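As provided, final03.txt (compact mmCIF, C-alpha atoms (C1' of nucleotides)) reads as follows.
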# COMPACT_ATOMS: atom_id res chain seq x y z
CA MET A 1 124.13 20.22 119.48
CA ASP A 2 122.43 22.21 116.75
CA THR A 3 122.12 25.84 117.70
CA SER A 4 121.85 27.23 114.16
CA LEU A 5 118.53 28.86 114.82
CA GLN A 6 119.26 31.44 112.17
CA THR A 7 120.05 29.16 109.23
CA ARG A 8 117.32 26.63 109.76
CA PRO A 9 113.62 27.39 109.93
CA PRO A 10 112.56 26.95 113.53
CA LEU A 11 109.82 24.44 112.71
CA GLY A 12 108.91 22.66 109.51
CA CYS A 13 105.60 23.66 108.06
CA ALA A 14 104.30 20.15 108.69
CA ALA A 15 105.25 20.39 112.35
CA VAL A 16 103.44 23.69 112.71
CA MET A 17 100.32 22.32 111.11
CA MET A 18 100.53 19.26 113.30
CA SER A 19 100.54 21.36 116.44
CA VAL A 20 97.61 23.35 115.12
CA PHE A 21 95.83 20.07 114.53
CA ARG A 22 96.52 18.89 118.07
CA ALA A 23 95.27 22.19 119.42
CA SER A 24 92.11 21.93 117.34
CA LEU A 25 91.44 18.44 118.66
CA GLN A 26 91.93 19.56 122.23
CA GLU A 27 89.62 22.49 121.71
CA LEU A 28 86.97 20.08 120.46
CA GLN A 29 87.70 17.75 123.39
CA LEU A 30 88.67 14.98 121.01
CA PRO A 31 91.48 12.55 121.81
CA VAL A 32 94.80 12.96 120.00
CA THR A 33 95.28 9.39 118.81
CA GLN A 34 98.34 8.04 117.01
CA GLN A 35 96.22 7.21 113.98
CA ARG A 36 95.02 10.80 113.68
CA GLU A 37 98.57 12.06 114.03
CA ALA A 38 99.88 9.57 111.48
CA ILE A 39 97.26 10.49 108.89
CA ALA A 40 97.68 14.21 109.41
CA GLY A 41 101.45 13.75 109.26
CA VAL A 42 101.31 12.09 105.86
CA LEU A 43 99.06 14.81 104.53
CA PHE A 44 101.05 17.70 105.97
CA GLU A 45 104.36 16.32 104.70
CA SER A 46 103.06 15.83 101.17
CA THR A 47 102.66 18.56 98.63
CA GLY A 48 100.34 16.98 96.07
CA HIS A 49 96.71 15.99 96.01
CA LEU A 50 96.33 12.69 97.85
CA SER A 51 93.44 10.27 97.74
CA ALA A 52 92.37 8.31 100.81
CA ASP A 53 94.04 5.30 99.22
CA ASP A 54 97.28 7.19 98.65
CA ILE A 55 97.37 8.03 102.32
CA ALA A 56 96.58 4.49 103.47
CA LEU A 57 99.35 3.25 101.16
CA LYS A 58 101.91 5.74 102.45
CA LEU A 59 101.07 4.75 106.00
CA GLU A 60 101.49 1.09 105.09
CA GLU A 61 104.88 1.87 103.52
CA ARG A 62 106.12 3.48 106.67
CA GLY A 63 104.89 0.51 108.66
CA GLU A 64 101.93 2.14 110.37
CA HIS A 65 98.78 0.32 109.46
CA VAL A 66 95.61 2.37 109.79
CA GLY A 67 92.15 1.16 108.77
CA LYS A 68 90.48 2.74 105.76
CA ALA A 69 87.50 3.82 107.84
CA THR A 70 89.79 5.78 110.12
CA VAL A 71 91.54 7.38 107.16
CA TYR A 72 88.21 8.60 105.82
CA ARG A 73 87.05 9.73 109.25
CA THR A 74 90.23 11.66 109.92
CA LEU A 75 90.27 13.30 106.50
CA ASN A 76 86.74 14.55 107.09
CA LEU A 77 87.85 15.81 110.46
CA LEU A 78 90.80 17.66 108.93
CA VAL A 79 88.50 19.28 106.41
CA ASP A 80 86.07 20.25 109.16
CA VAL A 81 88.72 21.99 111.23
CA GLY A 82 90.00 23.74 108.10
CA LEU A 83 93.42 22.10 107.88
CA ALA A 84 92.73 20.20 104.68
CA THR A 85 90.96 20.91 101.43
CA GLU A 86 88.87 18.42 99.53
CA HIS A 87 89.15 18.25 95.76
CA ASP A 88 87.15 16.40 93.16
CA PHE A 89 88.91 16.13 89.83
CA ASP A 90 86.19 13.91 88.35
CA GLU A 91 88.10 10.72 88.94
CA GLY A 92 85.31 9.12 90.92
CA PHE A 93 86.97 9.74 94.26
CA LYS A 94 88.13 12.68 96.35
CA ARG A 95 91.62 14.03 96.86
CA TYR A 96 92.92 15.95 99.84
CA GLU A 97 95.56 18.54 100.36
CA ALA A 98 97.02 20.31 103.36
CA ARG A 99 95.58 23.78 103.65
CA ILE A 100 98.28 26.22 104.60
CA GLY A 101 96.82 29.39 105.99
CA ALA A 102 94.18 30.87 103.76
CA SER A 103 96.17 30.56 100.53
CA GLU A 104 93.58 29.39 98.08
CA HIS A 105 94.67 28.22 94.70
CA ASP A 106 92.76 26.94 91.73
CA HIS A 107 93.17 24.27 89.09
CA LEU A 108 93.50 23.61 85.40
CA ILE A 109 92.50 20.01 84.70
CA CYS A 110 93.41 18.26 81.47
CA THR A 111 90.47 16.15 80.31
CA SER A 112 92.82 14.08 78.17
CA CYS A 113 95.76 13.14 80.40
CA GLY A 114 94.35 14.15 83.78
CA ARG A 115 97.20 16.46 84.65
CA VAL A 116 96.33 19.05 87.28
CA THR A 117 98.03 22.43 87.22
CA GLU A 118 97.66 24.92 90.02
CA PHE A 119 97.36 28.64 89.56
CA HIS A 120 96.58 31.65 91.65
CA ARG A 121 95.04 34.96 90.71
CA GLN A 122 94.38 37.79 93.11
CA ALA A 123 91.65 38.96 90.76
CA LEU A 124 89.76 35.74 91.50
CA ASP A 125 89.84 36.40 95.23
CA ASP A 126 88.52 39.89 94.61
CA LEU A 127 85.81 38.60 92.32
CA GLN A 128 84.73 36.04 94.89
CA ARG A 129 84.43 38.76 97.50
CA GLU A 130 82.49 40.95 95.09
CA VAL A 131 80.00 38.29 94.04
CA ALA A 132 79.49 37.11 97.62
CA ASP A 133 78.79 40.66 98.78
CA GLU A 134 76.26 41.16 96.06
CA TRP A 135 74.23 38.16 97.26
CA GLY A 136 74.82 38.63 100.98
CA PHE A 137 76.69 35.36 100.86
CA GLN A 138 79.35 34.48 103.42
CA PRO A 139 82.05 32.59 101.50
CA LEU A 140 84.01 29.84 103.24
CA THR A 141 85.85 28.12 100.41
CA ARG A 142 85.71 27.99 96.68
CA GLN A 143 86.63 25.64 93.92
CA VAL A 144 87.57 26.94 90.51
CA LYS A 145 88.27 24.25 87.98
CA ILE A 146 89.00 24.91 84.33
CA TYR A 147 88.68 21.78 82.22
CA GLY A 148 90.35 21.49 78.84
CA LEU A 149 93.50 20.32 77.11
CA CYS A 150 96.92 20.96 78.60
CA SER A 151 99.53 22.35 76.23
CA GLU A 152 100.95 18.88 75.49
CA CYS A 153 97.62 17.24 74.79
CA ALA A 154 96.51 20.22 72.72
CA ALA A 155 99.71 19.88 70.67
CA SER A 156 99.25 16.17 70.01
CA ALA A 157 95.59 16.77 69.16
CA ASP A 158 96.70 19.33 66.57
CA GLU A 159 99.17 16.84 65.12
CA GLU A 160 96.43 14.28 64.71
CA ASP A 161 94.23 16.80 63.00
CA LEU A 162 97.03 17.51 60.55
CA ARG A 163 97.57 13.82 59.89
CA ARG A 164 93.87 13.33 59.34
CA ALA A 165 93.60 16.30 57.02
CA VAL A 166 96.17 14.88 54.52
CA MET B 1 44.11 28.86 62.92
CA ASP B 2 46.93 30.54 64.77
CA THR B 3 48.85 32.85 62.48
CA SER B 4 50.28 35.12 65.17
CA LEU B 5 53.85 34.50 64.15
CA GLN B 6 54.83 37.88 65.55
CA THR B 7 53.57 37.51 69.07
CA ARG B 8 54.69 33.96 69.77
CA PRO B 9 58.24 32.70 69.57
CA PRO B 10 58.43 30.39 66.56
CA LEU B 11 59.86 27.47 68.56
CA GLY B 12 60.26 26.87 72.26
CA CYS B 13 63.83 26.72 73.45
CA ALA B 14 63.33 23.07 74.34
CA ALA B 15 62.16 22.31 70.81
CA VAL B 16 65.18 23.98 69.29
CA MET B 17 67.52 22.05 71.55
CA MET B 18 65.71 18.86 70.72
CA SER B 19 66.25 19.34 67.03
CA VAL B 20 69.91 20.08 67.66
CA PHE B 21 70.08 16.85 69.65
CA ARG B 22 68.50 14.87 66.83
CA ALA B 23 70.93 16.41 64.37
CA SER B 24 73.85 15.53 66.62
CA LEU B 25 72.71 11.93 66.84
CA GLN B 26 72.32 11.68 63.09
CA GLU B 27 75.75 13.14 62.57
CA LEU B 28 77.17 10.49 64.87
CA GLN B 29 75.10 7.82 63.08
CA LEU B 30 73.30 6.99 66.29
CA PRO B 31 69.62 6.03 66.31
CA VAL B 32 67.11 8.60 67.52
CA THR B 33 65.20 6.47 70.01
CA GLN B 34 62.10 7.50 71.93
CA GLN B 35 63.96 7.00 75.19
CA ARG B 36 66.69 9.41 74.16
CA GLU B 37 64.10 11.93 73.07
CA ALA B 38 62.11 11.53 76.27
CA ILE B 39 65.17 12.04 78.48
CA ALA B 40 66.42 15.00 76.51
CA GLY B 41 62.90 16.42 76.54
CA VAL B 42 62.69 16.35 80.31
CA LEU B 43 66.07 17.99 80.64
CA PHE B 44 65.43 20.67 78.03
CA GLU B 45 62.04 21.57 79.48
CA SER B 46 63.38 21.92 83.02
CA THR B 47 65.27 24.90 84.29
CA GLY B 48 66.91 23.56 87.42
CA HIS B 49 69.68 21.12 88.15
CA LEU B 50 68.32 17.59 87.79
CA SER B 51 69.79 14.35 89.08
CA ALA B 52 69.48 11.11 87.13
CA ASP B 53 66.83 10.09 89.63
CA ASP B 54 64.90 13.32 89.16
CA ILE B 55 64.76 12.63 85.47
CA ALA B 56 63.71 8.99 85.87
CA LEU B 57 60.98 10.18 88.24
CA LYS B 58 59.69 12.86 85.89
CA LEU B 59 59.54 10.31 83.10
CA GLU B 60 57.62 7.93 85.33
CA GLU B 61 55.20 10.74 86.20
CA ARG B 62 54.42 11.40 82.58
CA GLY B 63 53.93 7.69 82.04
CA GLU B 64 57.07 6.98 80.06
CA HIS B 65 59.14 4.40 81.86
CA VAL B 66 62.83 4.44 80.98
CA GLY B 67 65.45 2.24 82.63
CA LYS B 68 68.02 3.86 84.88
CA ALA B 69 70.88 2.56 82.76
CA THR B 70 69.47 4.35 79.75
CA VAL B 71 69.04 7.55 81.72
CA TYR B 72 72.70 7.50 82.72
CA ARG B 73 73.83 6.57 79.21
CA THR B 74 71.80 9.32 77.61
CA LEU B 75 72.91 11.96 80.09
CA ASN B 76 76.53 11.13 79.32
CA LEU B 77 75.70 11.34 75.65
CA LEU B 78 74.12 14.77 76.10
CA VAL B 79 77.19 15.98 77.95
CA ASP B 80 79.45 14.57 75.23
CA VAL B 81 77.63 16.39 72.44
CA GLY B 82 77.67 19.57 74.52
CA LEU B 83 73.94 19.92 75.11
CA ALA B 84 74.09 19.33 78.84
CA THR B 85 76.38 20.31 81.67
CA GLU B 86 77.31 18.10 84.57
CA HIS B 87 77.43 19.54 88.07
CA ASP B 88 78.66 18.14 91.34
CA PHE B 89 77.36 20.02 94.37
CA ASP B 90 78.92 17.56 96.81
CA GLU B 91 75.73 15.65 97.37
CA GLY B 92 77.24 12.33 96.38
CA PHE B 93 75.65 12.34 92.96
CA LYS B 94 75.72 14.41 89.80
CA ARG B 95 73.20 16.90 88.54
CA TYR B 96 72.55 17.87 84.96
CA GLU B 97 71.36 20.96 83.25
CA ALA B 98 70.51 21.89 79.67
CA ARG B 99 73.30 23.90 78.17
CA ILE B 100 71.91 26.73 76.13
CA GLY B 101 74.46 28.04 73.74
CA ALA B 102 77.76 28.82 75.39
CA SER B 103 76.26 30.72 78.31
CA GLU B 104 78.36 29.58 81.24
CA HIS B 105 77.23 30.47 84.70
CA ASP B 106 78.66 29.71 88.09
CA HIS B 107 77.34 28.82 91.51
CA LEU B 108 77.13 29.88 95.13
CA ILE B 109 76.43 26.81 97.27
CA CYS B 110 75.17 27.08 100.82
CA THR B 111 76.90 24.49 102.97
CA SER B 112 74.11 24.76 105.52
CA CYS B 113 70.86 24.49 103.56
CA GLY B 114 72.21 23.34 100.22
CA ARG B 115 70.67 26.16 98.26
CA VAL B 116 72.35 26.80 94.91
CA THR B 117 72.40 30.31 93.49
CA GLU B 118 73.58 31.04 89.98
CA PHE B 119 75.60 34.04 88.99
CA HIS B 120 77.45 35.28 85.98
CA ARG B 121 80.42 37.59 85.69
CA GLN B 122 82.05 38.61 82.46
CA ALA B 123 85.23 39.20 84.43
CA LEU B 124 85.37 35.47 85.17
CA ASP B 125 85.24 34.60 81.50
CA ASP B 126 88.07 37.02 80.84
CA LEU B 127 90.10 35.65 83.71
CA GLN B 128 89.63 32.10 82.45
CA ARG B 129 90.90 33.13 79.03
CA GLU B 130 93.84 34.93 80.59
CA VAL B 131 94.93 32.07 82.85
CA ALA B 132 94.50 29.51 80.09
CA ASP B 133 96.64 31.56 77.72
CA GLU B 134 99.37 31.87 80.27
CA TRP B 135 99.67 28.07 80.54
CA GLY B 136 99.02 27.27 76.88
CA PHE B 137 95.87 25.56 78.10
CA GLN B 138 92.87 25.08 75.81
CA PRO B 139 89.81 25.54 78.00
CA LEU B 140 86.62 23.58 77.28
CA THR B 141 84.47 24.17 80.33
CA ARG B 142 84.89 25.44 83.82
CA GLN B 143 83.27 25.07 87.18
CA VAL B 144 83.37 27.83 89.70
CA LYS B 145 81.78 26.98 93.01
CA ILE B 146 81.81 29.24 96.03
CA TYR B 147 80.86 27.42 99.21
CA GLY B 148 79.62 29.26 102.27
CA LEU B 149 76.49 30.46 104.01
CA CYS B 150 73.61 31.98 102.09
CA SER B 151 72.20 35.20 103.46
CA GLU B 152 69.43 33.38 105.34
CA CYS B 153 71.67 30.81 106.96
CA ALA B 154 74.25 33.47 107.80
CA ALA B 155 71.51 35.45 109.51
CA SER B 156 70.29 32.53 111.61
CA ALA B 157 73.89 31.65 112.48
CA ASP B 158 74.35 35.22 113.76
CA GLU B 159 71.21 34.92 115.83
CA GLU B 160 72.49 31.75 117.45
CA ASP B 161 75.78 33.43 118.24
CA LEU B 162 73.91 36.23 119.96
CA ARG B 163 71.83 33.80 121.97
CA ARG B 164 74.96 31.88 122.97
CA ALA B 165 76.80 35.06 123.97
CA VAL B 166 74.22 36.04 126.62
C1' DC C 1 95.91 3.17 138.25
C1' DT C 2 91.18 3.17 136.80
C1' DC C 3 87.40 4.32 134.38
C1' DC C 4 84.76 5.67 130.41
C1' DA C 5 83.72 8.50 126.53
C1' DG C 6 85.35 8.41 122.27
C1' DT C 7 88.14 5.79 118.70
C1' DT C 8 89.46 2.07 116.00
C1' DG C 9 89.16 -1.51 112.31
C1' DA C 10 87.28 -5.47 109.86
C1' DA C 11 83.37 -6.37 107.81
C1' DA C 12 78.93 -5.25 106.26
C1' DT C 13 76.39 -1.85 103.98
C1' DC C 14 75.15 1.86 101.03
C1' DG C 15 74.46 4.55 96.88
C1' DA C 16 75.67 6.11 92.47
C1' DT C 17 77.13 4.55 88.25
C1' DA C 18 78.81 1.17 84.87
C1' DA C 19 78.86 -3.41 82.67
C1' DT C 20 76.20 -7.63 81.05
C1' DC C 21 73.46 -9.78 77.85
C1' DA C 22 69.14 -11.45 75.93
C1' DC C 23 65.75 -9.04 73.61
C1' DT C 24 63.96 -5.10 70.92
C1' DA C 25 63.88 -0.91 68.04
C1' DT C 26 65.79 2.12 64.43
C1' DT C 27 67.66 2.81 60.05
C1' DG C 28 68.78 2.52 55.29
C1' DA C 29 68.44 -0.39 51.46
C1' DT C 30 65.51 -3.10 48.71
C1' DA D 1 56.40 -1.74 53.33
C1' DT D 2 59.74 -5.30 54.47
C1' DC D 3 64.27 -6.90 55.84
C1' DA D 4 68.67 -7.42 57.64
C1' DA D 5 72.21 -5.15 60.06
C1' DT D 6 73.29 -2.49 63.63
C1' DA D 7 72.81 -0.35 67.85
C1' DG D 8 69.88 0.49 72.01
C1' DT D 9 67.31 -0.99 75.94
C1' DG D 10 66.53 -2.52 80.64
C1' DA D 11 66.50 -5.87 84.52
C1' DT D 12 69.96 -7.44 86.78
C1' DT D 13 74.55 -7.76 88.38
C1' DA D 14 78.98 -5.81 89.35
C1' DT D 15 81.95 -2.10 90.91
C1' DC D 16 83.86 0.97 93.89
C1' DG D 17 84.33 4.88 96.91
C1' DA D 18 82.63 6.05 101.17
C1' DT D 19 80.00 5.34 105.47
C1' DT D 20 78.07 2.61 109.25
C1' DT D 21 78.26 -1.05 112.61
C1' DC D 22 79.82 -2.94 116.71
C1' DA D 23 82.91 -5.27 119.76
C1' DA D 24 87.46 -4.36 121.35
C1' DC D 25 90.67 -0.84 122.54
C1' DT D 26 92.81 3.60 124.18
C1' DG D 27 93.69 8.45 125.53
C1' DG D 28 93.45 11.36 129.22
C1' DA D 29 91.06 13.28 133.33
C1' DG D 30 90.71 12.30 138.13

Could the structure of this file be written out as structure tokens, please?
Amino acid sequence: MDTSLQTRPPLGCAAVMMSVFRASLQELQLPVTQQREAIAGVLFESTGHLSADDIALKLEERGEHVGKATVYRTLNLLVDVGLATEHDFDEGFKRYEARIGASEHDHLICTSCGRVTEFHRQALDDLQREVADEWGFQPLTRQVKIYGLCSECAASADEEDLRRAV
Amino acid sequence: MDTSLQTRPPLGCAAVMMSVFRASLQELQLPVTQQREAIAGVLFESTGHLSADDIALKLEERGEHVGKATVYRTLNLLVDVGLATEHDFDEGFKRYEARIGASEHDHLICTSCGRVTEFHRQALDDLQREVADEWGFQPLTRQVKIYGLCSECAASADEEDLRRAV
DNA sequence: CTCCAGTTGAAATCGATAATCACTATTGAT
DNA sequence: ATCAATAGTGATTATCGATTTCAACTGGAG
């Protein structure tokens, strides 16, 4: 029997979020179905930015088939209850990410290779607050995306310039 | 004859942008077609955020029919040469806006009524520079969107809360 | 256990945007 | 001004992510 309560975190983050999700559903008087749990599970156990397809695929891999429509419906639900964040990195489809607490982070997006880098700046949070106050605006979420060339792509672009300039 | 060069700006902003557009096309060895001029004209003479449909409609209104495909193609072209900015306010379609110089501005988006308010903060420009430098990232554009309730919608939401709390 | 409101999923649909392709317009040279 | 080469145009079709439909199914309260 494992009694090492000290050395192991009491509950995985995913498990905590899952119970919050179940509570949210109950509060809204919505059934806790196995599909909803499966989809939320995949999202909560992943760290990256997943598309609806990614999630459907991961479910398929672990042998739990869930219809696309349900994936989309549940993702919208998760966003609505505040447990997931929706991202649009200009790929033509949305990506989703578990939203842990209120920790907002923002993104650098490489327009050449598509790489997405996350960053966080307290100053941005403060600025958001400041701007919102000025307009009497009540902020819920934000999306800060800086498009450009990542260090690698910028480097190879420079190389090409050199080659061209010969 | 109008010789009041002092009291009237020499060229409207739209006209200036149009000549820049023509120059850009020539530089790229692309024909300056009347459709491209018409589309750019509509965009440059408008202040708001226009969808492809808005533009097609405005062209229709002024009697110049242009095919949808051409509208989309030309908008992409305008974005590519840096004379237009693309926006996605989560409506399921893109909006476009003339890009005057390098003046970036950002947006507050009401999730209730959809109203879009523009704002500008020097501090944001500085922050962008700072974050980009830290990651060796070469920024091209950015999009800062703060979602929430505008003052009006926040007010009516408060009212409802009051009514409910009776 | 039973019922029923709410959910599910396959398929149909939708809506924005991109690709096709026959025809037309622009451009630079003559 | 005319011409050929080149690229653009637009009606239509295709694409693709996302939503809706609807008959069958299921969670959970009683």

Discussion item. Only residues of chain B matter here; which ones have an atom within 10 Å of chain C, counting all atoms listed in the file? Give them as a VMD selection string.
Written reply: chain B and resid 29 to 34 52 68 to 69 72 to 73 92 to 94

Discussion item. Please determine, counting only C-alpha atoms, which residue among B:Leu59, B:Val144, B:Met18, B:Ile100 has the shortest atom-to-atom distance to Asp88 in chain B.
Written reply: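 Of B:Leu59, B:Val144, B:Met18, B:Ile100, the one nearest Asp88 in chain B, counting only C-alpha atoms, is B:Val144.
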
Is it possible to get the superposed chain B, fitted on chain A over all Cα pairs by sequence order, as a compact mmCIF listing (two decimals) with C-alpha atoms, keeping the file's coordinate frame?
# COMPACT_ATOMS: atom_id res chain seq x y z
CA MET B 1 124.91 20.38 119.09
CA ASP B 2 123.04 22.28 116.43
CA THR B 3 122.61 25.90 117.42
CA SER B 4 122.17 27.32 113.92
CA LEU B 5 118.82 28.85 114.69
CA GLN B 6 119.40 31.45 111.99
CA THR B 7 120.05 29.20 109.05
CA ARG B 8 117.36 26.60 109.65
CA PRO B 9 113.66 27.29 109.91
CA PRO B 10 112.68 26.71 113.54
CA LEU B 11 109.89 24.25 112.66
CA GLY B 12 108.95 22.50 109.46
CA CYS B 13 105.63 23.55 108.02
CA ALA B 14 104.31 20.05 108.66
CA ALA B 15 105.29 20.29 112.32
CA VAL B 16 103.52 23.60 112.73
CA MET B 17 100.37 22.24 111.13
CA MET B 18 100.56 19.19 113.33
CA SER B 19 100.62 21.27 116.46
CA VAL B 20 97.68 23.28 115.18
CA PHE B 21 95.87 20.00 114.58
CA ARG B 22 96.58 18.80 118.11
CA ALA B 23 95.36 22.11 119.49
CA SER B 24 92.19 21.85 117.44
CA LEU B 25 91.51 18.37 118.75
CA GLN B 26 92.05 19.46 122.32
CA GLU B 27 89.75 22.40 121.85
CA LEU B 28 87.07 20.03 120.60
CA GLN B 29 87.81 17.65 123.50
CA LEU B 30 88.75 14.91 121.08
CA PRO B 31 91.55 12.45 121.85
CA VAL B 32 94.85 12.89 120.04
CA THR B 33 95.34 9.34 118.79
CA GLN B 34 98.39 8.00 116.99
CA GLN B 35 96.24 7.17 113.98
CA ARG B 36 95.04 10.74 113.69
CA GLU B 37 98.58 12.00 114.02
CA ALA B 38 99.88 9.52 111.47
CA ILE B 39 97.23 10.46 108.90
CA ALA B 40 97.66 14.17 109.42
CA GLY B 41 101.42 13.68 109.25
CA VAL B 42 101.26 12.05 105.85
CA LEU B 43 99.01 14.78 104.53
CA PHE B 44 101.03 17.65 105.96
CA GLU B 45 104.32 16.25 104.68
CA SER B 46 103.00 15.76 101.15
CA THR B 47 102.60 18.50 98.62
CA GLY B 48 100.27 16.96 96.08
CA HIS B 49 96.64 15.99 96.04
CA LEU B 50 96.23 12.69 97.88
CA SER B 51 93.33 10.26 97.77
CA ALA B 52 92.27 8.30 100.84
CA ASP B 53 93.92 5.29 99.24
CA ASP B 54 97.16 7.18 98.65
CA ILE B 55 97.27 8.01 102.31
CA ALA B 56 96.48 4.46 103.46
CA LEU B 57 99.24 3.24 101.14
CA LYS B 58 101.82 5.71 102.42
CA LEU B 59 101.01 4.70 105.97
CA GLU B 60 101.41 1.05 105.06
CA GLU B 61 104.78 1.85 103.46
CA ARG B 62 106.07 3.44 106.61
CA GLY B 63 104.84 0.46 108.58
CA GLU B 64 101.90 2.10 110.31
CA HIS B 65 98.73 0.28 109.42
CA VAL B 66 95.57 2.34 109.79
CA GLY B 67 92.10 1.13 108.83
CA LYS B 68 90.39 2.72 105.85
CA ALA B 69 87.44 3.82 107.97
CA THR B 70 89.77 5.78 110.20
CA VAL B 71 91.46 7.37 107.21
CA TYR B 72 88.13 8.61 105.90
CA ARG B 73 87.00 9.76 109.34
CA THR B 74 90.19 11.65 109.98
CA LEU B 75 90.23 13.30 106.57
CA ASN B 76 86.71 14.59 107.18
CA LEU B 77 87.85 15.81 110.56
CA LEU B 78 90.80 17.66 109.01
CA VAL B 79 88.49 19.30 106.50
CA ASP B 80 86.07 20.27 109.28
CA VAL B 81 88.76 21.99 111.34
CA GLY B 82 90.02 23.73 108.21
CA LEU B 83 93.42 22.08 107.96
CA ALA B 84 92.70 20.21 104.75
CA THR B 85 90.90 20.93 101.52
CA GLU B 86 88.81 18.46 99.61
CA HIS B 87 89.07 18.29 95.83
CA ASP B 88 87.06 16.45 93.24
CA PHE B 89 88.82 16.18 89.89
CA ASP B 90 86.10 13.97 88.42
CA GLU B 91 87.99 10.77 89.00
CA GLY B 92 85.20 9.19 91.01
CA PHE B 93 86.90 9.81 94.32
CA LYS B 94 88.06 12.74 96.41
CA ARG B 95 91.54 14.07 96.90
CA TYR B 96 92.87 15.95 99.88
CA GLU B 97 95.49 18.54 100.40
CA ALA B 98 96.98 20.30 103.42
CA ARG B 99 95.57 23.77 103.70
CA ILE B 100 98.28 26.19 104.64
CA GLY B 101 96.84 29.34 106.04
CA ALA B 102 94.15 30.82 103.85
CA SER B 103 96.10 30.51 100.62
CA GLU B 104 93.47 29.41 98.13
CA HIS B 105 94.59 28.25 94.75
CA ASP B 106 92.69 26.97 91.77
CA HIS B 107 93.15 24.32 89.13
CA LEU B 108 93.53 23.65 85.43
CA ILE B 109 92.54 20.04 84.73
CA CYS B 110 93.48 18.29 81.51
CA THR B 111 90.57 16.17 80.34
CA SER B 112 92.94 14.11 78.22
CA CYS B 113 95.85 13.18 80.49
CA GLY B 114 94.41 14.19 83.84
CA ARG B 115 97.24 16.51 84.72
CA VAL B 116 96.34 19.10 87.36
CA THR B 117 98.04 22.48 87.30
CA GLU B 118 97.63 24.98 90.10
CA PHE B 119 97.32 28.68 89.63
CA HIS B 120 96.51 31.70 91.70
CA ARG B 121 94.99 35.01 90.74
CA GLN B 122 94.29 37.83 93.12
CA ALA B 123 91.59 38.99 90.73
CA LEU B 124 89.68 35.78 91.47
CA ASP B 125 89.70 36.46 95.18
CA ASP B 126 88.38 39.95 94.53
CA LEU B 127 85.71 38.65 92.20
CA GLN B 128 84.59 36.10 94.77
CA ARG B 129 84.24 38.84 97.37
CA GLU B 130 82.34 41.01 94.91
CA VAL B 131 79.87 38.33 93.81
CA ALA B 132 79.30 37.17 97.38
CA ASP B 133 78.56 40.72 98.52
CA GLU B 134 76.07 41.21 95.75
CA TRP B 135 74.03 38.21 96.93
CA GLY B 136 74.54 38.70 100.66
CA PHE B 137 76.43 35.42 100.56
CA GLN B 138 79.04 34.57 103.18
CA PRO B 139 81.77 32.68 101.35
CA LEU B 140 83.74 29.94 103.12
CA THR B 141 85.66 28.24 100.35
CA ARG B 142 85.58 28.08 96.61
CA GLN B 143 86.55 25.72 93.86
CA VAL B 144 87.53 26.99 90.48
CA LYS B 145 88.26 24.29 87.96
CA ILE B 146 89.02 24.92 84.32
CA TYR B 147 88.75 21.79 82.21
CA GLY B 148 90.44 21.50 78.84
CA LEU B 149 93.61 20.35 77.14
CA CYS B 150 97.02 21.00 78.64
CA SER B 151 99.63 22.39 76.31
CA GLU B 152 101.08 18.94 75.60
CA CYS B 153 97.77 17.27 74.85
CA ALA B 154 96.66 20.24 72.77
CA ALA B 155 99.85 19.91 70.75
CA SER B 156 99.40 16.19 70.09
CA ALA B 157 95.74 16.79 69.22
CA ASP B 158 96.88 19.35 66.62
CA GLU B 159 99.33 16.87 65.20
CA GLU B 160 96.60 14.29 64.79
CA ASP B 161 94.41 16.82 63.04
CA LEU B 162 97.21 17.53 60.60
CA ARG B 163 97.75 13.85 59.93
CA ARG B 164 94.02 13.36 59.40
CA ALA B 165 93.78 16.35 57.05
CA VAL B 166 96.28 14.91 54.54

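If all atoms listed in the file are the atoms counted, then among A:Arg129, A:Arg95, A:Lys145, A:Arg115 the closest residue to chain D is A:Arg95.
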
Practice prompt. Could you list, as a count of residues only, the residues of chain B having an atom within 6 Å of chain A when counting only C-alpha atoms?
Written response: 16

Item to complete: Kindly give the distance, in Å, that separates CA of Glu37 in chain A and C1' of DG17 in chain D, rounded to a single decimal.
Response: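 Between these atoms lies a distance of 23.4 Å.
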